[in-house]
Each structure stands twice: as structure tokens, then as C-alpha cells.
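Pasting model_20.txt here (compact mmCIF, C-alpha atoms):
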# COMPACT_ATOMS: atom_id res chain seq x y z
CA MET A 1 -11.81 2.01 -18.72
CA SER A 2 -9.88 2.69 -15.61
CA THR A 3 -12.21 5.54 -14.67
CA ALA A 4 -15.41 3.47 -14.65
CA MET A 5 -16.65 3.99 -11.15
CA ASN A 6 -18.51 0.74 -10.67
CA PHE A 7 -18.74 -0.28 -7.10
CA GLY A 8 -16.60 -3.29 -6.38
CA THR A 9 -14.85 -3.53 -9.71
CA LYS A 10 -11.13 -3.40 -9.57
CA SER A 11 -9.76 -0.49 -11.51
CA PHE A 12 -6.31 0.10 -12.81
CA LYS A 13 -4.09 2.24 -10.66
CA ALA A 14 -1.38 3.92 -12.64
CA ARG A 15 1.90 4.01 -10.85
CA PRO A 16 4.78 6.34 -11.59
CA PRO A 17 7.99 4.76 -12.89
CA ASP A 18 10.67 3.90 -10.40
CA LYS A 19 13.35 6.07 -11.83
CA GLY A 20 11.17 8.72 -13.34
CA SER A 21 10.96 9.70 -16.93
CA PHE A 22 13.48 9.37 -19.75
CA PRO A 23 14.56 12.71 -21.10
CA LEU A 24 13.72 12.93 -24.75
CA ASP A 25 16.47 12.11 -27.21
CA HIS A 26 15.90 15.13 -29.38
CA PHE A 27 19.11 14.74 -31.35
CA GLY A 28 18.88 11.03 -31.92
CA GLU A 29 22.20 10.39 -30.27
CA CYS A 30 21.37 6.85 -29.40
CA LYS A 31 19.38 6.09 -32.50
CA SER A 32 21.91 3.63 -33.85
CA PHE A 33 21.76 1.57 -30.70
CA LYS A 34 18.02 1.60 -30.89
CA ASP A 35 18.09 0.42 -34.48
CA LYS A 36 20.40 -2.41 -33.53
CA PHE A 37 18.03 -3.40 -30.78
CA MET A 38 14.99 -3.29 -33.04
CA LYS A 39 16.73 -5.37 -35.65
CA CYS A 40 17.67 -7.95 -33.04
CA LEU A 41 14.06 -8.07 -31.89
CA LYS A 42 12.75 -8.61 -35.38
CA ASP A 43 15.27 -11.33 -36.05
CA SER A 44 14.57 -13.20 -32.86
CA GLY A 45 10.83 -13.07 -33.27
CA TYR A 46 10.39 -10.30 -30.73
CA ASP A 47 11.93 -12.26 -27.93
CA SER A 48 13.17 -9.85 -25.32
CA SER A 49 15.53 -12.28 -23.64
CA SER A 50 17.57 -12.62 -26.81
CA CYS A 51 18.21 -8.96 -27.16
CA ARG A 52 19.21 -8.03 -23.67
CA LEU A 53 22.72 -7.21 -24.70
CA GLN A 54 21.49 -4.65 -27.19
CA SER A 55 19.15 -3.13 -24.65
CA LYS A 56 22.03 -2.88 -22.23
CA GLU A 57 24.09 -1.08 -24.85
CA TYR A 58 21.26 1.31 -25.56
CA LEU A 59 20.93 2.19 -21.91
CA GLU A 60 24.67 2.65 -21.60
CA CYS A 61 24.55 5.04 -24.55
CA ARG A 62 21.84 7.03 -22.82
CA MET A 63 23.77 7.20 -19.62
CA GLU A 64 26.88 8.44 -21.43
CA ARG A 65 24.96 11.20 -23.17
CA GLN A 66 23.27 12.39 -19.97
CA LEU A 67 19.94 11.15 -21.25
CA MET A 68 19.52 8.89 -18.29
CA ALA A 69 20.57 9.00 -14.67
CA ARG A 70 23.78 7.06 -14.12
CA GLU A 71 23.00 3.77 -12.50
CA PRO A 72 25.06 0.64 -11.96
CA LEU A 73 23.89 -1.92 -14.46
CA GLU A 74 23.24 -4.53 -11.80
CA ARG A 75 20.47 -2.33 -10.52
CA LEU A 76 18.90 -2.43 -13.95
CA GLY A 77 18.79 -6.20 -14.01
CA PHE A 78 21.84 -6.78 -16.19
CA LYS A 79 23.90 -8.50 -13.56
CA ASP A 80 24.21 -11.69 -15.57
CA LEU A 81 25.39 -9.87 -18.66
CA LEU A 82 28.13 -8.05 -16.83
CA ASP A 83 29.82 -10.97 -15.14
CA PRO A 84 31.46 -13.27 -17.65
CA SER A 85 32.00 -15.96 -15.00
CA GLU A 86 28.22 -16.54 -14.66
CA GLU A 87 26.82 -19.71 -16.20
CA SER A 88 25.96 -19.23 -19.81
CA LYS A 89 22.41 -20.43 -19.28
CA ASP A 90 21.65 -17.29 -17.36
CA THR A 91 22.23 -15.22 -20.49
CA LYS A 92 20.47 -15.69 -23.80
CA PRO A 93 18.49 -18.91 -23.92
CA MET B 94 -60.23 8.41 87.91
CA LEU B 95 -59.56 6.16 85.01
CA LEU B 96 -61.88 8.01 82.74
CA PRO B 97 -59.91 11.27 82.89
CA ARG B 98 -56.76 9.32 82.12
CA LEU B 99 -58.33 7.85 79.05
CA PHE B 100 -59.43 11.29 78.05
CA ARG B 101 -55.86 12.44 78.38
CA GLU B 102 -54.60 9.71 76.16
CA SER B 103 -57.17 10.48 73.57
CA LEU B 104 -56.24 14.09 73.96
CA CYS B 105 -52.65 13.20 73.29
CA TRP B 106 -53.64 11.40 70.14
CA SER B 107 -55.67 14.25 68.88
CA LYS B 108 -52.87 16.59 69.73
CA THR B 109 -50.41 14.66 67.60
CA SER B 110 -52.85 14.68 64.76
CA VAL B 111 -53.05 18.39 65.17
CA LEU B 112 -49.28 18.59 64.76
CA LEU B 113 -49.48 16.91 61.34
CA MET B 114 -52.21 19.17 60.19
CA SER B 115 -52.20 22.44 58.41
CA THR B 116 -52.54 25.71 60.15
CA SER B 117 -56.29 25.82 59.96
CA GLU B 118 -57.58 26.19 63.38
CA CYS B 119 -60.25 24.23 65.02
CA MET B 120 -62.35 25.52 67.70
CA CYS B 121 -61.84 22.31 69.45
CA ASN B 122 -58.20 23.13 69.85
CA ASN B 123 -58.93 25.60 72.47
CA SER B 124 -61.36 23.27 74.01
CA LEU B 125 -58.61 20.67 74.36
CA HIS B 126 -56.68 22.97 76.54
CA ASP B 127 -59.83 23.48 78.55
CA LEU B 128 -60.18 19.75 78.79
CA VAL B 129 -56.72 19.38 80.12
CA ASN B 130 -57.61 21.72 82.83
CA SER B 131 -61.17 20.73 83.42
CA ARG B 132 -62.51 17.26 83.17
CA SER B 133 -66.14 18.03 82.82
CA LEU B 134 -68.49 15.91 80.84
CA HIS B 135 -69.51 18.82 78.71
CA SER B 136 -65.99 19.28 77.44
CA PHE B 137 -65.73 15.55 76.83
CA ALA B 138 -68.69 15.75 74.52
CA LYS B 139 -67.11 18.65 72.76
CA GLN B 140 -63.94 16.71 72.35
CA VAL B 141 -65.76 13.82 70.75
CA VAL B 142 -67.37 16.20 68.30
CA CYS B 143 -64.07 17.77 67.58
CA ARG B 144 -62.51 14.45 66.99
CA LYS B 145 -65.08 13.59 64.44
CA ALA B 146 -64.68 16.86 62.51
CA PRO B 147 -64.38 16.02 58.80
CA GLN B 148 -61.60 18.52 58.22
CA ARG B 149 -59.41 16.82 60.68
CA LEU B 150 -60.16 13.49 59.16
CA GLY B 151 -59.27 14.76 55.71
CA TYR B 152 -56.08 16.17 57.02
CA GLN B 153 -55.36 12.99 58.78
CA ILE B 154 -55.78 11.03 55.54
CA ARG B 155 -53.61 13.47 53.72
CA GLY B 156 -51.13 13.15 56.46
CA VAL B 157 -50.98 9.41 55.90
CA LYS B 158 -50.44 9.98 52.18
CA GLY B 159 -47.77 12.51 52.95
CA ARG B 160 -45.97 9.80 54.79
CA ARG B 161 -45.77 7.79 51.51
CA ASN B 162 -44.45 10.77 49.48
CA PRO B 163 -40.87 10.75 50.77
CA TYR B 164 -40.58 7.11 49.68
CA THR B 165 -41.80 7.74 46.13
CA ALA B 166 -39.76 10.93 45.88
CA SER B 167 -36.56 9.01 46.46
CA GLN B 168 -37.62 6.37 43.98
CA GLU B 169 -38.42 8.99 41.38
CA GLU B 170 -35.05 10.53 41.94
CA GLU B 171 -33.46 7.16 41.50
CA TRP B 172 -35.29 6.69 38.22
CA ARG B 173 -34.22 10.12 37.08
CA LYS B 174 -30.62 9.38 37.87
CA ARG B 175 -30.79 6.06 36.06
CA ASN B 176 -32.35 7.69 33.02
CA LYS B 177 -29.62 10.28 32.97
CA THR B 178 -26.87 7.66 32.97
CA ILE B 179 -28.61 5.70 30.23
CA LEU B 180 -28.95 8.84 28.13
CA THR B 181 -25.29 9.60 28.67
CA TYR B 182 -24.34 6.14 27.49
CA ILE B 183 -26.50 6.45 24.39
CA ALA B 184 -25.09 9.86 23.56
CA ALA B 185 -21.55 8.55 23.98
CA ALA B 186 -22.32 5.61 21.70
CA GLY B 187 -23.74 7.95 19.08
CA ILE B 188 -20.68 10.19 19.12
CA GLY B 189 -18.47 7.13 19.06
CA MET B 190 -20.17 5.87 15.91
CA ILE B 191 -19.71 9.21 14.17
CA GLY B 192 -16.05 9.22 15.17
CA MET B 193 -15.62 5.67 13.85
CA SER B 194 -17.08 6.62 10.50
CA TYR B 195 -14.53 9.42 10.19
CA ALA B 196 -11.67 7.20 11.28
CA ALA B 197 -12.68 4.44 8.89
CA VAL B 198 -11.20 6.15 5.83
CA PRO B 199 -7.53 6.18 6.85
CA LEU B 200 -7.91 2.88 8.67
CA TYR B 201 -9.22 1.19 5.54
CA ARG B 202 -6.39 2.60 3.51
CA LEU B 203 -3.89 1.18 6.00
CA TYR B 204 -5.66 -2.17 5.91
CA CYS B 205 -5.56 -2.25 2.11
CA GLN B 206 -1.87 -1.46 2.09
CA ALA B 207 -1.16 -4.15 4.62
CA THR B 208 -3.15 -6.89 2.96
CA GLY B 209 -2.99 -5.78 -0.66
CA LEU B 210 -6.68 -6.21 -1.24
CA GLY B 211 -8.75 -3.84 -3.34
CA GLY B 212 -6.26 -3.72 -6.16
CA THR B 213 -3.91 -1.26 -4.54
CA ALA B 214 -0.23 -1.62 -5.10
CA VAL B 215 1.23 -3.90 -2.49
CA ALA B 216 3.77 -2.03 -0.43
CA GLY B 217 7.10 -3.77 -0.60
CA HIS B 218 7.92 -3.28 -4.23
CA ASP B 219 11.27 -1.59 -4.09
CA ALA B 220 14.02 -0.83 -6.53
CA GLY B 221 16.47 -3.15 -4.80
CA GLN B 222 14.41 -6.07 -5.98
CA VAL B 223 15.52 -5.53 -9.56
CA GLU B 224 19.05 -6.39 -8.70
CA SER B 225 18.27 -9.63 -6.92
CA MET B 226 15.34 -11.03 -8.87
CA LYS B 227 15.72 -14.18 -10.85
CA PRO B 228 13.96 -14.65 -14.17
CA VAL B 229 11.29 -17.31 -14.30
CA LYS B 230 12.35 -18.91 -17.52
CA ASP B 231 9.47 -21.30 -18.04
CA ARG B 232 6.75 -18.69 -18.17
CA THR B 233 6.64 -16.55 -21.29
CA ILE B 234 4.31 -13.64 -21.49
CA LYS B 235 3.44 -11.69 -24.57
CA ILE B 236 3.27 -7.96 -24.12
CA THR B 237 1.24 -6.15 -26.75
CA PHE B 238 1.68 -2.46 -27.25
CA ASN B 239 -0.94 0.09 -27.97
CA ALA B 240 -0.62 3.80 -28.54
CA ASP B 241 -3.32 6.43 -28.46
CA VAL B 242 -3.57 10.16 -28.63
CA HIS B 243 -6.27 12.38 -27.39
CA ALA B 244 -8.60 13.69 -30.07
CA SER B 245 -7.21 17.22 -30.05
CA MET B 246 -3.60 16.10 -29.94
CA GLN B 247 -1.90 16.12 -33.30
CA TRP B 248 1.09 13.94 -32.68
CA ASN B 249 1.65 10.73 -34.55
CA PHE B 250 2.27 8.31 -31.78
CA ARG B 251 2.79 4.61 -32.37
CA PRO B 252 4.72 1.68 -30.94
CA GLN B 253 7.78 0.46 -32.78
CA GLN B 254 7.03 -3.18 -32.09
CA SER B 255 3.61 -4.70 -31.97
CA GLU B 256 4.49 -7.26 -29.33
CA ILE B 257 7.38 -8.60 -27.30
CA TYR B 258 7.86 -11.82 -25.40
CA VAL B 259 9.23 -11.49 -21.91
CA VAL B 260 9.62 -13.67 -18.86
CA PRO B 261 8.87 -12.48 -15.33
CA GLY B 262 11.90 -11.26 -13.45
CA GLU B 263 13.74 -10.03 -16.49
CA THR B 264 14.03 -6.43 -17.55
CA ALA B 265 12.88 -5.54 -21.02
CA LEU B 266 13.06 -2.53 -23.28
CA ALA B 267 10.43 -1.36 -25.73
CA PHE B 268 10.13 1.68 -27.97
CA TYR B 269 7.45 4.07 -29.04
CA LYS B 270 7.83 6.70 -31.65
CA ALA B 271 6.25 10.12 -31.61
CA ARG B 272 6.25 12.75 -34.30
CA ASN B 273 5.02 16.30 -34.25
CA PRO B 274 3.76 17.10 -37.76
CA THR B 275 2.62 20.62 -36.90
CA ASP B 276 4.59 23.84 -37.15
CA LYS B 277 4.32 24.68 -33.51
CA PRO B 278 6.00 23.02 -30.56
CA VAL B 279 3.57 20.81 -28.73
CA ILE B 280 3.87 19.62 -25.17
CA GLY B 281 2.40 16.26 -24.44
CA ILE B 282 1.88 14.33 -21.31
CA SER B 283 0.98 10.70 -21.20
CA THR B 284 -0.50 8.08 -19.01
CA TYR B 285 -0.64 4.36 -19.36
CA ASN B 286 -2.96 1.48 -18.78
CA VAL B 287 -2.36 -2.22 -18.34
CA VAL B 288 -4.92 -4.89 -19.15
CA PRO B 289 -5.77 -7.21 -17.35
CA PHE B 290 -6.09 -4.95 -14.33
CA GLU B 291 -4.84 -7.49 -11.84
CA ALA B 292 -1.67 -7.94 -13.84
CA GLY B 293 -1.07 -4.22 -13.57
CA GLN B 294 0.28 -4.56 -10.08
CA TYR B 295 3.05 -6.84 -11.34
CA PHE B 296 3.95 -4.57 -14.20
CA ASN B 297 6.76 -2.39 -12.90
CA LYS B 298 8.25 0.35 -14.95
CA ILE B 299 11.78 1.27 -14.17
CA GLN B 300 11.79 4.22 -16.48
CA CYS B 301 9.49 5.48 -19.16
CA PHE B 302 8.16 8.68 -20.60
CA CYS B 303 4.87 8.98 -18.80
CA PHE B 304 3.53 11.54 -16.36
CA GLU B 305 6.03 14.19 -17.34
CA GLU B 306 5.71 16.84 -19.94
CA GLN B 307 7.45 15.99 -23.16
CA ARG B 308 8.01 18.76 -25.58
CA LEU B 309 8.32 18.14 -29.27
CA ASN B 310 9.54 20.81 -31.61
CA PRO B 311 7.91 21.29 -34.99
CA GLN B 312 8.45 18.39 -37.37
CA GLU B 313 10.42 16.51 -34.79
CA GLU B 314 10.40 12.76 -34.31
CA VAL B 315 11.75 11.01 -31.22
CA ASP B 316 12.05 7.51 -29.88
CA MET B 317 10.48 6.98 -26.52
CA PRO B 318 11.70 3.98 -24.61
CA VAL B 319 9.96 2.07 -21.87
CA PHE B 320 12.15 0.04 -19.55
CA PHE B 321 10.12 -2.37 -17.47
CA TYR B 322 9.90 -5.80 -15.94
CA ILE B 323 7.25 -8.18 -14.73
CA ASP B 324 7.52 -9.02 -11.07
CA PRO B 325 8.63 -12.64 -10.59
CA GLU B 326 5.80 -13.10 -8.11
CA PHE B 327 3.53 -13.01 -11.12
CA ASP B 328 4.24 -16.68 -11.57
CA ASP B 329 3.16 -17.49 -8.03
CA ASP B 330 -0.17 -15.73 -8.19
CA PRO B 331 -2.98 -18.22 -8.87
CA ARG B 332 -5.12 -15.52 -10.40
CA MET B 333 -2.47 -14.96 -13.03
CA ALA B 334 -2.16 -18.61 -13.94
CA ARG B 335 -4.07 -18.21 -17.18
CA VAL B 336 -2.75 -14.80 -18.13
CA ASP B 337 -0.52 -15.02 -21.16
CA THR B 338 -0.99 -11.63 -22.73
CA ILE B 339 -0.64 -8.23 -21.21
CA ILE B 340 -1.58 -5.15 -23.14
CA LEU B 341 0.31 -1.99 -22.39
CA SER B 342 -1.44 1.08 -23.65
CA TYR B 343 -0.14 4.63 -23.65
CA THR B 344 -2.23 7.69 -24.31
CA PHE B 345 -0.87 11.13 -25.00
CA PHE B 346 -2.67 14.30 -24.09
CA GLU B 347 -1.80 17.81 -24.90
CA ALA B 348 -0.53 19.85 -21.99
CA LYS B 349 -1.00 23.56 -21.90
CA GLU B 350 1.93 25.73 -20.96
CA GLY B 351 2.21 26.06 -17.21
CA GLN B 352 -0.66 23.73 -16.49
CA LYS B 353 -0.36 21.72 -13.32
CA LEU B 354 -1.92 18.33 -13.60
CA PRO B 355 -2.58 15.99 -10.69
CA LEU B 356 -0.25 13.10 -11.35
CA PRO B 357 -0.48 9.76 -9.61
CA GLY B 358 2.31 9.20 -7.20
CA TYR B 359 3.69 12.69 -7.55
CA SER B 360 2.31 14.88 -4.79

Would you write out, as C-alpha cells, the structure that this file holds?
Amino acid sequence: MSTAMNFGTKSFKARPPDKGSFPLDHFGECKSFKDKFMKCLKDSGYDSSSCRLQSKEYLECRMERQLMAREPLERLGFKDLLDPSEESKDTKP
Amino acid sequence: MLLPRLFRESLCWSKTSVLLMSTSECMCNNSLHDLVNSRSLHSFAKQVVCRKAPQRLGYQIRGVKGRRNPYTASQEEEWRKRNKTILTYIAAAGIGMIGMSYAAVPLYRLYCQATGLGGTAVAGHDAGQVESMKPVKDRTIKITFNADVHASMQWNFRPQQSEIYVVPGETALAFYKARNPTDKPVIGISTYNVVPFEAGQYFNKIQCFCFEEQRLNPQEEVDMPVFFYIDPEFDDDPRMARVDTIILSYTFFEAKEGQKLPLPGYS
């Protein structure tokens, strides 16, 4: 689809990810966190906003196991989850 | 006494005409000298004959035309000079056009980056935005996941959730699962696609598993996460006003050992 060279049609331009690629979790070290996240998703009707805490935990697991470059969680968009003094409406709806 | 004087004047006239003429000699020339010396009637008659010689007349006419030649010569030269300048201008314009057509390629690219037209990624999407962006809570978008493999690739590749509901400005995590059912390690490399195309520029991946070789050992199964967000400006774009569903599609290809593929964004 994206390679259709019609004149004037907009085509999709694939962009590389900002922080590169996740190293593969060959040993399943963070599998439990992933399962927790998937369960949360299923329970909430696949609403991402409800399961942000679990996704944060999964990413923290990855960072601990050297499966992801260490990054302050604010940079990953979890600023509201880190600061307990934030208004509760900023967290799960 | 007057008559000789008149003769002399006429002689002078004929003499000047002689000066304009070619080198052909006229017998009368000599007779002129005689006439200067002697003023006999016989020589006068001769002079009249000489004067009326057709050669002299022809020369005289040519002499008159010769007088016009210097004028036209300068005009012709002026025309030639003008033509040369015009030709120079035309040649310069031609070379200028060719140069413009070569310069148009990078100039157009710069223009597209500046204005964001033509579907190119708008420059100004930086990682610092993730920290400061605010989720747009009233706009929910459904992201549907799709997974494909190339025909010769033997992995089992599928998403672990069929859809997920996100809001712009909020980071989200999604998982794919890949399994290598063969007995040999297989290296895969993937690319992605976002439909609708215009929404693709708002779909920002923080980290994923695409564009890099992923090696799966025999009978191995891994989870592949995608960490992404939709740019909050998605809500402001009038073209995106009716977009509620975005389809994210990943395709895995088999990579040969040591093969260098041209990857977008990686030089």
C-alpha cells in the first residue's frame, strides 16, 4: 500500500522509533508484568488509560533487567503516576 | 580670360573625381595636364570628351555608393553587437533554467519540511514533548492491531490484543507475540504501517521492535512490546476530526545473515 507510486497520493512514511528498538526478552524475565498488564487490559475493556500503572511497572522491569535503556519515567509520559500530590483526575479516569 | 578660368574649375572637378576612382588610367588624364599648361580649344574638346567617358561615370556612381557604405557598415556592426548581447542573454537564461531544475530538488525538500505539506513528517517532533504533553481526555481513539509475515517467513506472529483505546497525549503499551516453530534460528526484521496515512504523522513510537534485526532461537517465543503515543495535536487537526480508528500493522520479513537493508531514518 505504502509503495503505490501514484502521483499525488500521500503515502505512508515509516519513521524509526524515538528510542530505538526493544531488545528481545528471550528469557521472559518480565513476563509476569506483561501478564498483569494484559489482564488489566482485558478487564477494563482494552482501555489503555486504566492500565498505565501496569505498563509503567512493565517498563521499570525492563529497565532493571537491562532490556531497555534507563530513562526517567517522566520522559516516558508517566509524570502523573509518579507524583502522588497530583490531582487524582490526572490518573485513571 | 574667363573661359580659361572656367576650364580650370572644371578641371579641378574632374581631377577630384579622378582621385576617387580606381587606378585605371584615362588618356584624358594626361591631356588634363596639357590643358593646364595650354588653353587651346582642341584640348578643351578633348576634355569634354574625357569628361563624358562612361568609365569615369561608372566610377563616379560607384564612388557615390561607396560614400554610403561606411554608414551601413557601422549600422551592420551595431546590429551584430546587439544580436550578440541578445544571444548571450538567451544562453544565460537557458543555463539558469537548467540550474534551477537541479536546485529544485533540495529546495522542495526544505519547503516540505518547513510547511509540512506532502505528507512528510513535520520537523519539530522531539522527545522532550513526551514529558510535557497533556492528554486530551475527551477524544478516544481505537487502535487496532494487525500482524503479518512475509510469505517465506515461518514465524508465528500475532498481536496479543486485538484493539486498545487510547487518548492523544498519553503513552500506551501494546504487545505482539512471535514464535519460531522451526529448528533453526531465524532473524527477522520488521516494518510497520499506519492507516489512515495522514494519521501516521501523529503516531509516534517511543520504542518498538521494528527496523532492527530480531533473532529468534528454535522453538522460542517472545513478547514484543510497542510503546507509543498519539500526538496531542491530533485533536486540533481538522482532517483528523472524523478519524476514530487507527490500524497499526506490522510485517516481519526474514533477514539474511549479514544483509544490510536500507532502513528509513537510519543512514

Distance query 7 Å from (21.5, 14.1, -24.9) using all atoms listed in the file, result as an mmCIF file with C-alpha atoms, keeping the file's coordinate frame:
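Result file is out-v2.cif:
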data_model
loop_
_atom_site.group_PDB
_atom_site.id
_atom_site.type_symbol
_atom_site.label_atom_id
_atom_site.label_comp_id
_atom_site.auth_asym_id
_atom_site.auth_seq_id
_atom_site.Cartn_x
_atom_site.Cartn_y
_atom_site.Cartn_z
ATOM 1 C CA ASP A 25 16.470 12.110 -27.210
ATOM 2 C CA PHE A 27 19.110 14.740 -31.350
ATOM 3 C CA GLU A 29 22.200 10.390 -30.270
ATOM 4 C CA ARG A 65 24.960 11.200 -23.170
ATOM 5 C CA GLN A 66 23.270 12.390 -19.970
ATOM 6 C CA LEU A 67 19.940 11.150 -21.250
#

Record the distance separating CA of Arg202 in chain B and CA of Ala292 in chain B, expressed in Å with one decimal.
20.8 Å

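The gap separating CA of Val223 in chain B from CA of Gly262 in chain B is 7.8 Å, in Å to one decimal.
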
Dump as number ranges by chain the residues of chain B that approach chain A to within 6 Å, counting only C-alpha atoms.
B: 212, 223-224, 257-259, 264, 290, 298-302, 358

Of A:Ser32, A:Leu53, A:Ala69, A:Glu60, the one sitting nearest Leu81 in chain A when using all atoms listed in the file is A:Leu53

Distance CA of Tyr295 in chain B-CA of Ile339 in chain B, one decimal place?
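Separation between CA of Tyr295 in chain B and CA of Ile339 in chain B: 10.6 Å.
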
Using only C-alpha atoms for the distances, tell me which of B:Ile188, B:Met226, B:Ala207, B:Val279 is nearest to Lys349 in chain B.
B:Val279

Residue rebuild result range 277-306 of chain B, N, CA and C atoms as a short mmCIF file (atom, residue, chain, number, x, y, z; two decimals), in the frame of the given file:
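Final output, out15.cif:
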data_model
loop_
_atom_site.label_atom_id
_atom_site.label_comp_id
_atom_site.auth_asym_id
_atom_site.auth_seq_id
_atom_site.Cartn_x
_atom_site.Cartn_y
_atom_site.Cartn_z
N LYS B 277 4.15 24.06 -34.83
CA LYS B 277 4.32 24.68 -33.51
C LYS B 277 4.83 23.63 -32.54
N PRO B 278 5.63 24.01 -31.56
CA PRO B 278 6.00 23.02 -30.56
C PRO B 278 4.79 22.61 -29.73
N VAL B 279 4.71 21.35 -29.47
CA VAL B 279 3.57 20.81 -28.73
C VAL B 279 4.11 20.08 -27.51
N ILE B 280 3.48 20.31 -26.40
CA ILE B 280 3.87 19.62 -25.17
C ILE B 280 2.84 18.54 -24.89
N GLY B 281 3.32 17.36 -24.71
CA GLY B 281 2.40 16.26 -24.44
C GLY B 281 2.71 15.64 -23.09
N ILE B 282 1.71 15.04 -22.56
CA ILE B 282 1.88 14.33 -21.31
C ILE B 282 1.08 13.05 -21.44
N SER B 283 1.63 11.98 -20.92
CA SER B 283 0.98 10.70 -21.20
C SER B 283 0.68 9.95 -19.92
N THR B 284 -0.22 9.02 -20.08
CA THR B 284 -0.50 8.08 -19.01
C THR B 284 -0.60 6.71 -19.64
N TYR B 285 -0.65 5.70 -18.81
CA TYR B 285 -0.64 4.36 -19.36
C TYR B 285 -1.72 3.52 -18.69
N ASN B 286 -1.95 2.39 -19.29
CA ASN B 286 -2.96 1.48 -18.78
C ASN B 286 -2.48 0.06 -19.06
N VAL B 287 -2.77 -0.82 -18.15
CA VAL B 287 -2.36 -2.22 -18.34
C VAL B 287 -3.61 -3.08 -18.21
N VAL B 288 -3.79 -3.96 -19.18
CA VAL B 288 -4.92 -4.89 -19.15
C VAL B 288 -4.33 -6.30 -19.18
N PRO B 289 -4.73 -7.23 -18.39
CA PRO B 289 -5.77 -7.21 -17.35
C PRO B 289 -5.37 -6.40 -16.12
N PHE B 290 -6.36 -5.87 -15.43
CA PHE B 290 -6.09 -4.95 -14.33
C PHE B 290 -5.27 -5.60 -13.24
N GLU B 291 -5.55 -6.87 -12.95
CA GLU B 291 -4.84 -7.49 -11.84
C GLU B 291 -3.37 -7.68 -12.18
N ALA B 292 -3.08 -7.82 -13.46
CA ALA B 292 -1.67 -7.94 -13.84
C ALA B 292 -0.94 -6.62 -13.71
N GLY B 293 -1.70 -5.53 -13.65
CA GLY B 293 -1.07 -4.22 -13.57
C GLY B 293 -0.20 -4.04 -12.35
N GLN B 294 -0.54 -4.72 -11.27
CA GLN B 294 0.28 -4.56 -10.08
C GLN B 294 1.62 -5.26 -10.21
N TYR B 295 1.76 -6.18 -11.14
CA TYR B 295 3.05 -6.84 -11.34
C TYR B 295 3.88 -6.17 -12.42
N PHE B 296 3.26 -5.24 -13.11
CA PHE B 296 3.95 -4.57 -14.20
C PHE B 296 4.67 -3.36 -13.63
N ASN B 297 5.97 -3.45 -13.52
CA ASN B 297 6.76 -2.39 -12.90
C ASN B 297 7.60 -1.71 -13.95
N LYS B 298 7.46 -0.40 -13.99
CA LYS B 298 8.25 0.35 -14.95
C LYS B 298 9.45 0.93 -14.23
N ILE B 299 10.60 0.67 -14.76
CA ILE B 299 11.78 1.27 -14.17
C ILE B 299 11.90 2.70 -14.66
N GLN B 300 11.74 2.87 -15.94
CA GLN B 300 11.79 4.22 -16.48
C GLN B 300 10.96 4.27 -17.75
N CYS B 301 10.29 5.36 -17.95
CA CYS B 301 9.49 5.48 -19.16
C CYS B 301 9.35 6.94 -19.49
N PHE B 302 8.33 7.29 -20.21
CA PHE B 302 8.16 8.68 -20.60
C PHE B 302 6.81 9.23 -20.14
N CYS B 303 6.21 8.56 -19.19
CA CYS B 303 4.87 8.98 -18.80
C CYS B 303 4.88 9.94 -17.62
N PHE B 304 3.81 10.64 -17.48
CA PHE B 304 3.53 11.54 -16.36
C PHE B 304 4.44 12.75 -16.32
N GLU B 305 5.25 12.96 -17.32
CA GLU B 305 6.03 14.19 -17.34
C GLU B 305 5.86 14.81 -18.70
N GLU B 306 5.95 16.13 -18.69
CA GLU B 306 5.71 16.84 -19.94
C GLU B 306 6.85 16.57 -20.92
#
